[in-house]
file run_14.txt (compact mmCIF, N, CA and C atoms and all ligand atoms)
# COMPACT_ATOMS: atom_id res chain seq x y z
N MET W 3 -121.09 -257.14 -7.64
CA MET W 3 -121.07 -255.76 -8.08
C MET W 3 -120.74 -255.73 -9.56
N SER W 4 -121.49 -254.97 -10.29
CA SER W 4 -121.26 -254.87 -11.72
C SER W 4 -121.60 -253.47 -12.18
N PHE W 5 -120.83 -253.00 -13.11
CA PHE W 5 -121.11 -251.72 -13.75
C PHE W 5 -120.48 -251.74 -15.12
N LEU W 6 -120.83 -250.75 -15.91
CA LEU W 6 -120.30 -250.68 -17.27
C LEU W 6 -119.03 -249.85 -17.29
N LEU W 7 -118.07 -250.32 -18.07
CA LEU W 7 -116.83 -249.59 -18.27
C LEU W 7 -116.68 -249.40 -19.77
N ASP W 8 -116.37 -248.18 -20.16
CA ASP W 8 -116.30 -247.82 -21.57
C ASP W 8 -114.90 -248.05 -22.10
N CYS W 9 -114.68 -249.18 -22.77
CA CYS W 9 -113.38 -249.45 -23.38
C CYS W 9 -113.17 -248.47 -24.54
N PRO W 10 -112.01 -247.84 -24.62
CA PRO W 10 -111.77 -246.88 -25.71
C PRO W 10 -111.88 -247.52 -27.10
N ASN W 11 -111.66 -248.83 -27.20
CA ASN W 11 -111.76 -249.51 -28.49
C ASN W 11 -113.13 -250.15 -28.72
N CYS W 12 -113.69 -250.76 -27.70
CA CYS W 12 -114.87 -251.62 -27.87
C CYS W 12 -116.18 -250.96 -27.42
N GLY W 13 -116.10 -249.88 -26.66
CA GLY W 13 -117.32 -249.27 -26.15
C GLY W 13 -117.70 -249.84 -24.80
N PRO W 14 -118.92 -249.55 -24.34
CA PRO W 14 -119.35 -249.98 -23.02
C PRO W 14 -119.42 -251.51 -22.90
N ARG W 15 -118.81 -252.02 -21.86
CA ARG W 15 -118.81 -253.46 -21.59
C ARG W 15 -118.96 -253.68 -20.09
N ASP W 16 -119.38 -254.88 -19.72
CA ASP W 16 -119.49 -255.24 -18.31
C ASP W 16 -118.10 -255.21 -17.69
N VAL W 17 -118.00 -254.70 -16.49
CA VAL W 17 -116.70 -254.54 -15.83
C VAL W 17 -116.00 -255.88 -15.62
N ASN W 18 -116.75 -256.98 -15.61
CA ASN W 18 -116.14 -258.29 -15.41
C ASN W 18 -115.28 -258.74 -16.58
N GLU W 19 -115.35 -258.01 -17.71
CA GLU W 19 -114.46 -258.30 -18.84
C GLU W 19 -113.07 -257.70 -18.63
N PHE W 20 -112.92 -256.88 -17.60
CA PHE W 20 -111.68 -256.12 -17.41
C PHE W 20 -110.95 -256.57 -16.15
N SER W 21 -109.67 -256.22 -16.10
CA SER W 21 -108.89 -256.33 -14.88
C SER W 21 -108.44 -254.93 -14.49
N CYS W 22 -108.57 -254.63 -13.23
CA CYS W 22 -108.12 -253.33 -12.73
C CYS W 22 -106.74 -253.51 -12.12
N ALA W 23 -105.81 -252.64 -12.50
CA ALA W 23 -104.44 -252.72 -11.97
C ALA W 23 -104.19 -251.61 -10.96
N GLY W 24 -105.24 -250.99 -10.48
CA GLY W 24 -105.08 -250.01 -9.42
C GLY W 24 -104.86 -248.60 -9.92
N GLU W 25 -104.69 -247.72 -8.98
CA GLU W 25 -104.57 -246.31 -9.30
C GLU W 25 -103.27 -245.99 -10.02
N VAL W 26 -103.32 -244.96 -10.81
CA VAL W 26 -102.13 -244.51 -11.54
C VAL W 26 -101.15 -243.93 -10.54
N THR W 27 -99.92 -244.36 -10.63
CA THR W 27 -98.86 -243.88 -9.74
C THR W 27 -97.73 -243.30 -10.58
N VAL W 28 -96.86 -242.61 -9.94
CA VAL W 28 -95.70 -242.04 -10.62
C VAL W 28 -94.45 -242.73 -10.10
N ARG W 29 -93.66 -243.26 -11.04
CA ARG W 29 -92.43 -243.94 -10.63
C ARG W 29 -91.49 -242.96 -9.95
N PRO W 30 -90.76 -243.43 -8.96
CA PRO W 30 -89.76 -242.56 -8.34
C PRO W 30 -88.61 -242.31 -9.31
N LYS W 31 -87.79 -241.32 -8.98
CA LYS W 31 -86.65 -240.99 -9.84
C LYS W 31 -85.70 -242.19 -9.96
N GLU W 32 -84.69 -242.03 -10.77
CA GLU W 32 -83.82 -243.15 -11.14
C GLU W 32 -83.18 -243.87 -9.95
N SER W 33 -82.70 -243.14 -8.98
CA SER W 33 -82.09 -243.75 -7.80
C SER W 33 -82.87 -243.34 -6.56
N PRO W 34 -84.00 -243.99 -6.33
CA PRO W 34 -84.86 -243.56 -5.21
C PRO W 34 -84.26 -243.94 -3.86
N THR W 35 -84.67 -243.17 -2.86
CA THR W 35 -84.30 -243.54 -1.50
C THR W 35 -85.17 -244.73 -1.11
N LEU W 36 -84.81 -245.36 -0.02
CA LEU W 36 -85.59 -246.50 0.45
C LEU W 36 -87.02 -246.06 0.77
N ARG W 37 -87.16 -244.87 1.34
CA ARG W 37 -88.49 -244.35 1.67
C ARG W 37 -89.33 -244.14 0.40
N GLU W 38 -88.72 -243.54 -0.63
CA GLU W 38 -89.45 -243.29 -1.89
C GLU W 38 -89.86 -244.61 -2.53
N LEU W 39 -88.95 -245.57 -2.54
CA LEU W 39 -89.24 -246.86 -3.14
C LEU W 39 -90.33 -247.60 -2.37
N THR W 40 -90.25 -247.55 -1.05
CA THR W 40 -91.27 -248.20 -0.21
C THR W 40 -92.63 -247.56 -0.43
N SER W 41 -92.66 -246.24 -0.48
CA SER W 41 -93.93 -245.54 -0.72
C SER W 41 -94.51 -245.91 -2.06
N TYR W 42 -93.65 -245.99 -3.08
CA TYR W 42 -94.11 -246.33 -4.43
C TYR W 42 -94.69 -247.74 -4.48
N ILE W 43 -94.06 -248.66 -3.81
CA ILE W 43 -94.49 -250.06 -3.88
C ILE W 43 -95.71 -250.32 -3.00
N TYR W 44 -95.74 -249.78 -1.80
CA TYR W 44 -96.75 -250.20 -0.84
C TYR W 44 -97.89 -249.22 -0.58
N PHE W 45 -97.69 -247.94 -0.79
CA PHE W 45 -98.71 -246.98 -0.38
C PHE W 45 -99.51 -246.47 -1.57
N ARG W 46 -100.81 -246.38 -1.39
CA ARG W 46 -101.71 -245.83 -2.39
C ARG W 46 -102.55 -244.75 -1.72
N ARG W 47 -103.05 -243.83 -2.56
CA ARG W 47 -103.85 -242.74 -2.01
C ARG W 47 -105.22 -243.24 -1.56
N ASN W 48 -105.77 -244.20 -2.28
CA ASN W 48 -107.05 -244.83 -1.92
C ASN W 48 -108.13 -243.79 -1.63
N VAL W 49 -108.38 -242.93 -2.57
CA VAL W 49 -109.31 -241.82 -2.36
C VAL W 49 -110.76 -242.29 -2.37
N ALA W 50 -111.57 -241.62 -1.62
CA ALA W 50 -113.02 -241.79 -1.68
C ALA W 50 -113.53 -240.70 -2.60
N GLY W 51 -113.58 -241.00 -3.89
CA GLY W 51 -113.95 -240.00 -4.87
C GLY W 51 -113.38 -240.39 -6.21
N VAL W 52 -113.13 -239.42 -7.06
CA VAL W 52 -112.64 -239.70 -8.40
C VAL W 52 -111.16 -240.07 -8.34
N GLN W 53 -110.86 -241.19 -8.95
CA GLN W 53 -109.50 -241.73 -8.95
C GLN W 53 -109.15 -242.16 -10.37
N ARG W 54 -107.91 -241.94 -10.77
CA ARG W 54 -107.44 -242.36 -12.09
C ARG W 54 -106.79 -243.73 -11.94
N GLU W 55 -107.23 -244.69 -12.77
CA GLU W 55 -106.80 -246.08 -12.60
C GLU W 55 -106.37 -246.69 -13.93
N TRP W 56 -105.55 -247.74 -13.85
CA TRP W 56 -105.20 -248.56 -15.01
C TRP W 56 -106.19 -249.70 -15.14
N TRP W 57 -106.65 -249.93 -16.37
CA TRP W 57 -107.56 -251.05 -16.64
C TRP W 57 -107.06 -251.80 -17.87
N TYR W 58 -107.34 -253.10 -17.91
CA TYR W 58 -106.93 -253.96 -19.00
C TYR W 58 -108.16 -254.72 -19.50
N HIS W 59 -108.44 -254.65 -20.79
CA HIS W 59 -109.61 -255.34 -21.34
C HIS W 59 -109.21 -256.78 -21.68
N ARG W 60 -109.22 -257.62 -20.66
CA ARG W 60 -108.70 -258.99 -20.80
C ARG W 60 -109.60 -259.90 -21.63
N GLN W 61 -110.90 -259.66 -21.67
CA GLN W 61 -111.80 -260.49 -22.46
C GLN W 61 -112.28 -259.74 -23.70
N GLY W 62 -111.46 -258.86 -24.18
CA GLY W 62 -111.83 -258.08 -25.35
C GLY W 62 -110.60 -257.79 -26.19
N CYS W 63 -110.32 -256.51 -26.39
CA CYS W 63 -109.24 -256.10 -27.30
C CYS W 63 -107.85 -256.16 -26.66
N GLU W 64 -107.77 -256.48 -25.38
CA GLU W 64 -106.50 -256.63 -24.66
C GLU W 64 -105.67 -255.35 -24.68
N VAL W 65 -106.33 -254.23 -24.53
CA VAL W 65 -105.61 -252.95 -24.47
C VAL W 65 -105.60 -252.45 -23.03
N TRP W 66 -104.47 -251.78 -22.69
CA TRP W 66 -104.38 -251.09 -21.40
C TRP W 66 -104.87 -249.67 -21.60
N PHE W 67 -105.63 -249.16 -20.66
CA PHE W 67 -106.09 -247.78 -20.73
C PHE W 67 -106.30 -247.26 -19.31
N GLN W 68 -106.53 -245.95 -19.23
CA GLN W 68 -106.79 -245.34 -17.94
C GLN W 68 -108.23 -244.89 -17.87
N ALA W 69 -108.80 -245.00 -16.68
CA ALA W 69 -110.17 -244.56 -16.45
C ALA W 69 -110.22 -243.68 -15.22
N GLU W 70 -111.09 -242.70 -15.26
CA GLU W 70 -111.37 -241.91 -14.07
C GLU W 70 -112.68 -242.44 -13.51
N ARG W 71 -112.60 -243.00 -12.32
CA ARG W 71 -113.77 -243.65 -11.71
C ARG W 71 -114.00 -243.09 -10.33
N ASP W 72 -115.26 -242.86 -10.01
CA ASP W 72 -115.61 -242.44 -8.66
C ASP W 72 -115.70 -243.72 -7.82
N THR W 73 -114.80 -243.84 -6.85
CA THR W 73 -114.72 -245.07 -6.07
C THR W 73 -115.92 -245.24 -5.14
N ARG W 74 -116.67 -244.17 -4.92
CA ARG W 74 -117.85 -244.29 -4.04
C ARG W 74 -119.04 -244.86 -4.78
N THR W 75 -119.17 -244.53 -6.07
CA THR W 75 -120.36 -244.91 -6.82
C THR W 75 -120.07 -245.83 -8.00
N ASN W 76 -118.78 -246.04 -8.32
CA ASN W 76 -118.35 -246.78 -9.51
C ASN W 76 -118.77 -246.11 -10.80
N GLU W 77 -119.12 -244.85 -10.74
CA GLU W 77 -119.41 -244.11 -11.97
C GLU W 77 -118.09 -243.85 -12.70
N VAL W 78 -118.03 -244.26 -13.96
CA VAL W 78 -116.83 -244.04 -14.76
C VAL W 78 -117.02 -242.75 -15.54
N LEU W 79 -116.18 -241.78 -15.25
CA LEU W 79 -116.34 -240.45 -15.84
C LEU W 79 -115.66 -240.35 -17.20
N ARG W 80 -114.57 -241.11 -17.37
CA ARG W 80 -113.79 -240.93 -18.60
C ARG W 80 -112.83 -242.11 -18.74
N THR W 81 -112.61 -242.54 -19.98
CA THR W 81 -111.58 -243.54 -20.26
C THR W 81 -110.75 -243.06 -21.44
N GLU W 82 -109.49 -243.43 -21.45
CA GLU W 82 -108.63 -243.05 -22.57
C GLU W 82 -107.39 -243.94 -22.62
N ILE W 83 -106.94 -244.16 -23.85
CA ILE W 83 -105.66 -244.81 -24.06
C ILE W 83 -104.60 -243.73 -23.93
N VAL W 84 -103.62 -243.96 -23.09
CA VAL W 84 -102.61 -242.94 -22.83
C VAL W 84 -101.51 -243.03 -23.87
N GLU W 85 -101.38 -241.96 -24.64
CA GLU W 85 -100.32 -241.87 -25.64
C GLU W 85 -99.18 -241.04 -25.06
N PRO W 86 -97.95 -241.38 -25.36
CA PRO W 86 -96.82 -240.64 -24.79
C PRO W 86 -96.85 -239.14 -25.08
N SER W 87 -97.29 -238.74 -26.27
CA SER W 87 -97.24 -237.33 -26.64
C SER W 87 -98.43 -236.53 -26.10
N SER W 88 -99.45 -237.20 -25.58
CA SER W 88 -100.65 -236.49 -25.13
C SER W 88 -100.58 -236.14 -23.65
N ARG W 89 -99.44 -236.31 -23.05
CA ARG W 89 -99.33 -236.10 -21.62
C ARG W 89 -98.55 -234.83 -21.29
N ALA W 90 -98.62 -233.83 -22.14
CA ALA W 90 -97.89 -232.59 -21.90
C ALA W 90 -98.30 -231.99 -20.56
N GLY W 91 -97.31 -231.59 -19.81
CA GLY W 91 -97.57 -230.97 -18.52
C GLY W 91 -97.76 -231.95 -17.39
N THR W 92 -97.84 -233.21 -17.70
CA THR W 92 -97.95 -234.23 -16.67
C THR W 92 -96.80 -235.19 -16.85
N PRO W 93 -96.52 -236.00 -15.87
CA PRO W 93 -95.42 -236.95 -16.02
C PRO W 93 -95.60 -237.80 -17.26
N GLY W 94 -94.55 -237.97 -18.04
CA GLY W 94 -94.60 -238.78 -19.24
C GLY W 94 -94.71 -240.24 -18.91
N PRO W 95 -94.91 -241.07 -19.92
CA PRO W 95 -95.08 -242.50 -19.67
C PRO W 95 -93.85 -243.12 -19.03
N GLU W 96 -92.68 -242.47 -19.22
CA GLU W 96 -91.50 -243.02 -18.56
C GLU W 96 -91.59 -242.83 -17.05
N ALA W 97 -92.41 -241.88 -16.61
CA ALA W 97 -92.56 -241.63 -15.18
C ALA W 97 -93.82 -242.26 -14.62
N VAL W 98 -94.78 -242.55 -15.48
CA VAL W 98 -96.03 -243.14 -15.01
C VAL W 98 -95.86 -244.66 -15.01
N ALA W 99 -96.19 -245.24 -13.91
CA ALA W 99 -96.02 -246.68 -13.79
C ALA W 99 -97.06 -247.42 -14.62
N THR W 100 -96.61 -248.16 -15.59
CA THR W 100 -97.48 -248.99 -16.40
C THR W 100 -97.37 -250.42 -15.88
N PRO W 101 -98.46 -251.04 -15.63
CA PRO W 101 -98.38 -252.43 -15.16
C PRO W 101 -97.54 -253.27 -16.12
N ASP W 102 -96.69 -254.12 -15.57
CA ASP W 102 -95.79 -254.92 -16.40
C ASP W 102 -96.51 -256.03 -17.14
N ALA W 103 -97.50 -256.61 -16.55
CA ALA W 103 -98.18 -257.73 -17.18
C ALA W 103 -99.66 -257.67 -16.82
N PRO W 104 -100.49 -258.17 -17.70
CA PRO W 104 -101.92 -258.19 -17.38
C PRO W 104 -102.19 -259.02 -16.13
N ALA W 105 -103.09 -258.53 -15.32
CA ALA W 105 -103.47 -259.24 -14.11
C ALA W 105 -104.64 -260.15 -14.44
N VAL W 106 -104.36 -261.28 -15.07
CA VAL W 106 -105.43 -262.19 -15.46
C VAL W 106 -105.48 -263.38 -14.55
ZN ZN X 201 -111.71 -253.33 -25.61

call {"tool": "encode", "arguments": {"input": "run_14.txt", "output": "structure tokens"}}
result
Amino acid sequence: MSFLLDCPNCGPRDVNEFSCAGEVTVRPKESPTLRELTSYIYFRRNVAGVQREWWYHRQGCEVWFQAERDTRTNEVLRTEIVEPSSRAGTPGPEAVATPDAPAV
């Protein structure tokens, strides 16, 4: 399976140049309950449709960014580098789980 993914820095590239770190999640509050922590670690929405995901351009500019991708068709609707100040009204980067290390 192959499709094009639009890196915010490099432009359209083959998806095999990237690593996907899964859907964007929101970190639980500072002292989560066991249920909240378990849900955060193990459960994903896994939608059949448009999903917001973390991607890493491992064979290119090595930047982390988010993409909105339709999981049914692999159509990528939008990609963007997430800046802390551009997230007004949504959980800030301190609440959005950023992958700790590239999945290479
Ligand atoms: Zn790139």

call {"tool": "atom_distance", "arguments": {"input": "run_14.txt", "atom1": "CA of Thr35 in chain W", "atom2": "CA of Ala23 in chain W"}}
result
24.5 Å

call {"tool": "closest_residue", "arguments": {"input": "run_14.txt", "among": "W:Arg29, W:Ser4, W:Gly62, W:Val78", "to": "Val17 in chain W", "atoms": "all atoms listed in the file"}}
result
W:Ser4

call {"tool": "residues_near_point", "arguments": {"input": "run_14.txt", "point": "(-116.7, -246.0, -10.8)", "cutoff": "8 Å", "atoms": "all atoms listed in the file", "output": "list of chain:residue names"}}
result
W:Phe5, W:Leu6, W:Gly51, W:Val52, W:Gln53, W:Glu70, W:Arg71, W:Asp72, W:Thr73, W:Arg74, W:Thr75, W:Asn76, W:Glu77, W:Val78, W:Leu79

call {"tool": "select_by_dssp", "arguments": {"input": "run_14.txt", "residues": "chain W", "states": "strand (DSSP E or B)", "output": "count of residues only"}}
result
34

call {"tool": "closest_residue", "arguments": {"input": "run_14.txt", "among": "W:Leu39, W:Cys22, W:Ala69, W:Ile83", "to": "Pro10 in chain W", "atoms": "only N, CA and C atoms"}}
result
W:Ile83

call {"tool": "closest_atom_pairs", "arguments": {"input": "run_14.txt", "of": "chain W", "to": "ligand ZN 201 (chain X)", "cutoff": "6.5 Å", "atoms": "only N, CA and C atoms and all ligand atoms", "output": "JSON lines"}}
result
{"residue": "W:Cys9", "atom": "CA", "partner": "X:ZN201", "partner_atom": "ZN", "distance": 4.8}
{"residue": "W:Pro10", "atom": "N", "partner": "X:ZN201", "partner_atom": "ZN", "distance": 5.6}
{"residue": "W:Asn11", "atom": "C", "partner": "X:ZN201", "partner_atom": "ZN", "distance": 4.7}
{"residue": "W:Cys12", "atom": "N", "partner": "X:ZN201", "partner_atom": "ZN", "distance": 3.9}
{"residue": "W:Gly13", "atom": "N", "partner": "X:ZN201", "partner_atom": "ZN", "distance": 5.7}
{"residue": "W:His59", "atom": "CA", "partner": "X:ZN201", "partner_atom": "ZN", "distance": 5.2}
{"residue": "W:Gly62", "atom": "C", "partner": "X:ZN201", "partner_atom": "ZN", "distance": 4.6}
{"residue": "W:Cys63", "atom": "N", "partner": "X:ZN201", "partner_atom": "ZN", "distance": 3.6}
{"residue": "W:Glu64", "atom": "N", "partner": "X:ZN201", "partner_atom": "ZN", "distance": 5.0}
{"residue": "W:Val65", "atom": "N", "partner": "X:ZN201", "partner_atom": "ZN", "distance": 5.6}

call {"tool": "atom_distance", "arguments": {"input": "run_14.txt", "atom1": "atom C of Arg54 in chain W", "atom2": "atom N of Gly24 in chain W"}}
result
7.6 Å

call {"tool": "atom_distance", "arguments": {"input": "run_14.txt", "atom1": "CA of Val28 in chain W", "atom2": "CA of Thr40 in chain W"}}
result
12.9 Å

call {"tool": "select_by_dssp", "arguments": {"input": "run_14.txt", "residues": "chain W", "states": "alpha helix (DSSP H)", "output": "ChimeraX atom specification"}}
result
/W:36-44
